[in-house]
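Student: Provided below: start04.cif, containing mmCIF, C-alpha atoms.
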data_input
#
loop_
_atom_site.label_atom_id
_atom_site.label_comp_id
_atom_site.auth_asym_id
_atom_site.auth_seq_id
_atom_site.Cartn_x
_atom_site.Cartn_y
_atom_site.Cartn_z
CA MET A 1 149.30 94.41 88.73
CA ARG A 2 148.68 90.69 88.73
CA SER A 3 148.61 90.49 92.53
CA LEU A 4 146.11 93.37 92.65
CA GLY A 5 143.72 91.36 90.44
CA PHE A 6 144.14 88.34 92.69
CA MET A 7 143.38 90.46 95.78
CA HIS A 8 140.33 91.93 94.04
CA LYS A 9 139.01 88.47 93.21
CA LYS A 10 139.69 87.30 96.76
CA SER A 11 137.83 90.31 98.18
CA LEU A 12 134.89 89.68 95.88
CA PHE A 13 134.83 86.03 96.95
CA ILE A 14 134.80 87.04 100.64
CA VAL A 15 132.02 89.57 100.10
CA PHE A 16 129.99 87.07 98.05
CA SER A 17 130.48 84.37 100.72
CA PHE A 18 129.40 86.73 103.49
CA CYS A 19 126.28 87.80 101.58
CA PHE A 20 125.39 84.19 100.77
CA MET A 21 125.68 83.15 104.43
CA ALA A 22 123.67 86.17 105.55
CA ILE A 23 120.87 85.25 103.15
CA LEU A 24 120.89 81.65 104.35
CA CYS A 25 120.85 82.61 108.01
CA ALA A 26 118.08 85.17 107.52
CA GLY A 27 115.70 82.32 106.75
CA CYS A 28 116.81 80.28 109.75
CA GLY A 29 114.54 80.12 112.75
CA PRO A 30 112.37 77.79 114.74
CA SER A 31 109.30 78.36 112.62
CA LYS A 32 107.85 80.39 109.79
CA ILE A 33 104.36 81.74 109.52
CA TYR A 34 102.94 82.60 106.14
CA VAL A 35 100.44 85.40 105.90
CA ASP A 36 98.54 86.53 102.85
CA THR A 37 99.53 90.19 102.78
CA ASP A 38 96.48 91.02 100.69
CA SER A 39 94.40 90.10 103.76
CA VAL A 40 96.36 92.10 106.33
CA PRO A 41 98.31 95.02 104.89
CA GLY A 42 101.31 96.38 106.74
CA ILE A 43 102.10 93.19 108.65
CA GLY A 44 105.71 92.88 107.51
CA GLY A 45 108.13 92.52 104.64
CA ILE A 46 106.82 90.89 101.49
CA VAL A 47 108.58 88.00 99.79
CA ARG A 48 107.39 86.86 96.38
CA PHE A 49 106.98 83.09 95.97
CA PRO A 50 105.54 81.17 93.02
CA SER A 51 102.19 80.91 94.81
CA GLY A 52 101.99 84.67 95.37
CA GLU A 53 103.12 87.20 97.92
CA ILE A 54 103.54 85.90 101.44
CA THR A 55 105.23 87.25 104.51
CA PRO A 56 107.50 84.84 106.40
CA ILE A 57 107.32 85.58 110.13
CA GLY A 58 108.56 83.52 113.04
CA VAL A 59 107.01 82.73 116.42
CA LYS A 60 109.07 84.56 119.02
CA ARG A 61 107.15 83.24 122.02
CA VAL A 62 103.94 81.46 122.99
CA VAL A 63 102.30 83.79 125.49
CA ASP A 64 99.51 81.49 126.60
CA GLY A 65 97.11 78.90 125.22
CA GLU A 66 95.56 81.29 122.73
CA THR A 67 98.20 83.95 122.10
CA LEU A 68 101.45 84.16 120.14
CA LEU A 69 104.07 86.89 119.97
CA LEU A 70 105.65 87.03 116.52
CA THR A 71 109.14 88.10 115.50
CA ASN A 72 107.70 91.19 113.82
CA LYS A 73 106.33 92.25 117.27
CA GLU A 74 102.71 91.50 116.34
CA THR A 75 100.53 89.65 118.85
CA VAL A 76 98.12 87.05 117.51
CA ARG A 77 95.02 85.89 119.34
CA TYR A 78 93.27 82.75 118.15
CA ILE A 79 89.73 83.21 116.87
CA GLY A 80 86.96 81.01 118.26
CA VAL A 81 88.48 79.92 121.57
CA TYR A 82 88.12 80.82 125.22
CA ILE A 83 90.36 79.17 127.81
CA PRO A 84 88.71 79.21 131.24
CA ASP A 85 90.88 79.71 134.30
CA ILE A 86 89.95 76.44 136.00
CA TYR A 87 92.00 73.49 137.20
CA ASN A 88 95.27 73.34 135.28
CA ILE A 89 93.59 74.06 131.94
CA PRO A 90 95.51 77.30 131.12
CA LYS A 91 98.88 75.57 131.64
CA ARG A 92 97.85 72.52 129.62
CA ALA A 93 96.53 74.78 126.84
CA LYS A 94 99.79 76.74 126.77
CA ASP A 95 101.79 73.49 126.66
CA LEU A 96 99.73 72.24 123.71
CA ASN A 97 100.01 75.61 121.96
CA GLU A 98 103.81 75.57 122.45
CA SER A 99 104.11 72.08 121.03
CA LEU A 100 102.01 72.96 117.97
CA ALA A 101 102.96 76.58 117.29
CA HIS A 102 106.65 75.79 117.02
CA SER A 103 106.09 73.69 113.94
CA ASP A 104 108.46 74.33 111.03
CA GLU A 105 105.75 76.23 109.23
CA MET A 106 102.36 77.65 110.10
CA ARG A 107 99.77 79.58 108.14
CA PHE A 108 97.34 82.20 109.36
CA GLU A 109 93.88 82.77 107.98
CA PHE A 110 91.85 85.85 108.85
CA ASP A 111 88.13 86.36 109.08
CA VAL A 112 86.02 89.50 108.68
CA ARG A 113 87.46 91.29 111.72
CA GLN A 114 91.27 91.12 111.56
CA ARG A 115 92.19 92.92 114.80
CA ASP A 116 90.74 93.19 118.29
CA GLU A 117 90.24 96.40 120.27
CA LYS A 118 93.86 96.22 121.53
CA GLY A 119 95.28 95.95 118.00
CA ASN A 120 96.12 92.22 118.23
CA LEU A 121 95.74 90.16 115.07
CA LEU A 122 92.82 87.72 115.16
CA ALA A 123 93.56 84.54 113.24
CA TYR A 124 92.99 80.88 112.60
CA ALA A 125 96.39 79.17 112.86
CA TYR A 126 97.09 76.15 110.63
CA LEU A 127 99.80 73.52 110.80
CA PRO A 128 101.44 72.10 107.66
CA ASP A 129 99.27 68.96 107.96
CA GLY A 130 96.12 71.12 107.69
CA ARG A 131 95.06 70.99 111.33
CA MET A 132 93.86 74.24 112.86
CA ILE A 133 95.44 74.92 116.27
CA ASN A 134 92.31 76.78 117.40
CA ILE A 135 90.17 73.67 116.76
CA GLU A 136 92.76 71.35 118.38
CA LEU A 137 92.54 73.31 121.62
CA VAL A 138 88.75 72.92 121.66
CA ARG A 139 88.81 69.27 120.51
CA GLN A 140 91.15 68.34 123.37
CA GLY A 141 88.93 70.08 125.91
CA LEU A 142 91.46 72.80 126.70
CA ALA A 143 89.28 75.62 125.38
CA GLN A 144 85.63 76.37 124.91
CA SER A 145 84.22 77.38 121.58
CA LEU A 146 83.61 81.14 121.57
CA ILE A 147 82.24 82.50 118.31
CA ILE A 148 82.03 86.28 118.25
CA PRO A 149 80.42 87.88 115.19
CA PRO A 150 81.46 88.84 112.60
CA ASN A 151 84.21 86.15 112.86
CA GLU A 152 81.91 83.17 112.38
CA LYS A 153 83.50 81.44 109.40
CA TYR A 154 84.16 78.12 111.18
CA GLY A 155 81.49 78.30 113.89
CA ALA A 156 80.08 74.88 113.03
CA LYS A 157 83.53 73.24 113.20
CA PHE A 158 84.17 74.77 116.61
CA LYS A 159 80.80 73.56 117.92
CA GLN A 160 81.49 70.07 116.57
CA ALA A 161 84.97 70.00 118.20
CA GLN A 162 83.45 71.08 121.54
CA ALA A 163 80.75 68.42 121.29
CA GLU A 164 83.49 65.78 120.75
CA ALA A 165 85.41 67.00 123.81
CA GLN A 166 82.24 66.97 125.92
CA LYS A 167 81.30 63.49 124.72
CA ASN A 168 84.80 62.17 125.46
CA LYS A 169 84.95 64.07 128.80
CA LEU A 170 88.22 65.75 127.97
CA GLY A 171 89.86 68.69 129.76
CA ILE A 172 87.27 71.10 131.10
CA TRP A 173 84.52 68.56 130.43
CA GLN A 174 85.91 65.94 132.84
CA GLU A 175 83.56 64.92 135.63
#
Would you write out, as structure tokens, the structure that this file holds?

Tutor:
Amino acid sequence: MRSLGFMHKKSLFIVFSFCFMAILCAGCGPSKIYVDTDSVPGIGGIVRFPSGEITPIGVKRVVDGETLLLTNKETVRYIGVYIPDIYNIPKRAKDLNESLAHSDEMRFEFDVRQRDEKGNLLAYAYLPDGRMINIELVRQGLAQSLIIPPNEKYGAKFKQAQAEAQKNKLGIWQE
């Protein structure tokens, strides 16, 4: 009888250890994206944190300079940017997007229109330091500002970033 109790405790310990490791590994990944599920319903599983309900999602792959594929199979297109197919701009924009979008944590913000005609999410992507990736692409001259109503929330910031890139002759604005 005594050995049966020992075996039961050992089995419980093994099960507990396995569950603990599974929970730890579930949160592992190259990056996490936090989405306010009140803004975009049905985007993924909800996790409750002290600051409210957010959905942790990872970046599976950077598709190009303005597009991400997420681990929940959603595609995200950045609002406010257009990357022209000139010189080596698309490759440079993708390289910048890859270096920024694989941050430990990102946050998406949505505007009035949350999806495009193909069903892709439309978002502003923020880094933990507060920088918006969309604006960084424009500021470095790797994208043009493209404000399409009704998603005009940061139109002035995009125009200002483009003016800086033009003034500094960066990327597409080089002579």

Student: Given the choices A:Met132, A:Ile83, A:Val138, A:Ile172, which gets closest to Glu66 (chain A) if the distance is worked out from all atoms listed in the file?

Tutor: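 Of the candidates, the smallest distance to Glu66 (chain A) is held by A:Ile83.
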
Student: What gap, in Å, lies between CA of Val76 (chain A) and CA of Asn120 (chain A)?

Tutor: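 CA of Asn120 (chain A) lies 5.6 Å from CA of Val76 (chain A).
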
Student: Of the residues A:Met106, A:Leu137, A:Val59, A:Ala101, which is the one nearest to Ile79 (chain A), using only C-alpha atoms?

Tutor: A:Leu137

Student: What do you get, as a ChimeraX atom specification, if you spell out every residue that the PyMOL selection byres ((chain A and resi 61) around 10) selects here?

Tutor: /A:58-60,62-64,67-71,75,98,101-102

Student: Write out, as a compact mmCIF listing (two decimals), in the frame of the given file, the residues just selected, with C-alpha atoms.

Tutor:
# COMPACT_ATOMS: atom_id res chain seq x y z
CA GLY A 58 108.56 83.52 113.04
CA VAL A 59 107.01 82.73 116.42
CA LYS A 60 109.07 84.56 119.02
CA VAL A 62 103.94 81.46 122.99
CA VAL A 63 102.30 83.79 125.49
CA ASP A 64 99.51 81.49 126.60
CA THR A 67 98.20 83.95 122.10
CA LEU A 68 101.45 84.16 120.14
CA LEU A 69 104.07 86.89 119.97
CA LEU A 70 105.65 87.03 116.52
CA THR A 71 109.14 88.10 115.50
CA THR A 75 100.53 89.65 118.85
CA GLU A 98 103.81 75.57 122.45
CA ALA A 101 102.96 76.58 117.29
CA HIS A 102 106.65 75.79 117.02

Student: So the first atom is CA of Arg115 (chain A) and the second is CA of Gln160 (chain A); what is the distance between them in Å, to one decimal place?

Tutor: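 The value is 25.3 Å.
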
Student: Using all atoms listed in the file, pick whichever of A:Leu122, A:Ala161, A:Ile133, A:Leu142 has the shortest atom-to-atom distance to Ala93 (chain A).

Tutor: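 Counting all atoms listed in the file, the residue closest to Ala93 (chain A) is A:Leu142.
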
Student: Quick one, how far is CA of Pro128 (chain A) from CA of Asp95 (chain A)?

Tutor: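 Pair CA of Pro128 (chain A) / CA of Asp95 (chain A) returns 19.1 Å.
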
Student: Can you spell out as an mmCIF file with C-alpha atoms, in the frame of the given file the set of residues that the PyMOL selection byres ((chain A and resi 157) around 12) selects in the structure I just provided?

Tutor:
data_model
loop_
_atom_site.group_PDB
_atom_site.id
_atom_site.type_symbol
_atom_site.label_atom_id
_atom_site.label_comp_id
_atom_site.auth_asym_id
_atom_site.auth_seq_id
_atom_site.Cartn_x
_atom_site.Cartn_y
_atom_site.Cartn_z
ATOM 1 C CA GLY A 80 86.960 81.010 118.260
ATOM 2 C CA VAL A 81 88.480 79.920 121.570
ATOM 3 C CA ARG A 131 95.060 70.990 111.330
ATOM 4 C CA MET A 132 93.860 74.240 112.860
ATOM 5 C CA ASN A 134 92.310 76.780 117.400
ATOM 6 C CA ILE A 135 90.170 73.670 116.760
ATOM 7 C CA GLU A 136 92.760 71.350 118.380
ATOM 8 C CA VAL A 138 88.750 72.920 121.660
ATOM 9 C CA ARG A 139 88.810 69.270 120.510
ATOM 10 C CA SER A 145 84.220 77.380 121.580
ATOM 11 C CA LEU A 146 83.610 81.140 121.570
ATOM 12 C CA ILE A 147 82.240 82.500 118.310
ATOM 13 C CA GLU A 152 81.910 83.170 112.380
ATOM 14 C CA LYS A 153 83.500 81.440 109.400
ATOM 15 C CA TYR A 154 84.160 78.120 111.180
ATOM 16 C CA GLY A 155 81.490 78.300 113.890
ATOM 17 C CA ALA A 156 80.080 74.880 113.030
ATOM 18 C CA PHE A 158 84.170 74.770 116.610
ATOM 19 C CA LYS A 159 80.800 73.560 117.920
ATOM 20 C CA GLN A 160 81.490 70.070 116.570
ATOM 21 C CA ALA A 161 84.970 70.000 118.200
ATOM 22 C CA GLN A 162 83.450 71.080 121.540
ATOM 23 C CA ALA A 163 80.750 68.420 121.290
ATOM 24 C CA GLU A 164 83.490 65.780 120.750
#

Student: Hey, what's within 7 Å of Gln140 (chain A) if we count only C-alpha atoms and toss same-chain stuff fewer than 4 positions away? As a PDB file with C-alpha atoms, keeping the file's coordinate frame, please?

Tutor:
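Output (selection.pdb):
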ATOM      1  CA  GLU A 136      92.760  71.350 118.380  1.00  0.00           C
ATOM      2  CA  ALA A 165      85.410  67.000 123.810  1.00  0.00           C
ATOM      3  CA  LEU A 170      88.220  65.750 127.970  1.00  0.00           C
ATOM      4  CA  GLY A 171      89.860  68.690 129.760  1.00  0.00           C
TER       5      GLY A 171
END
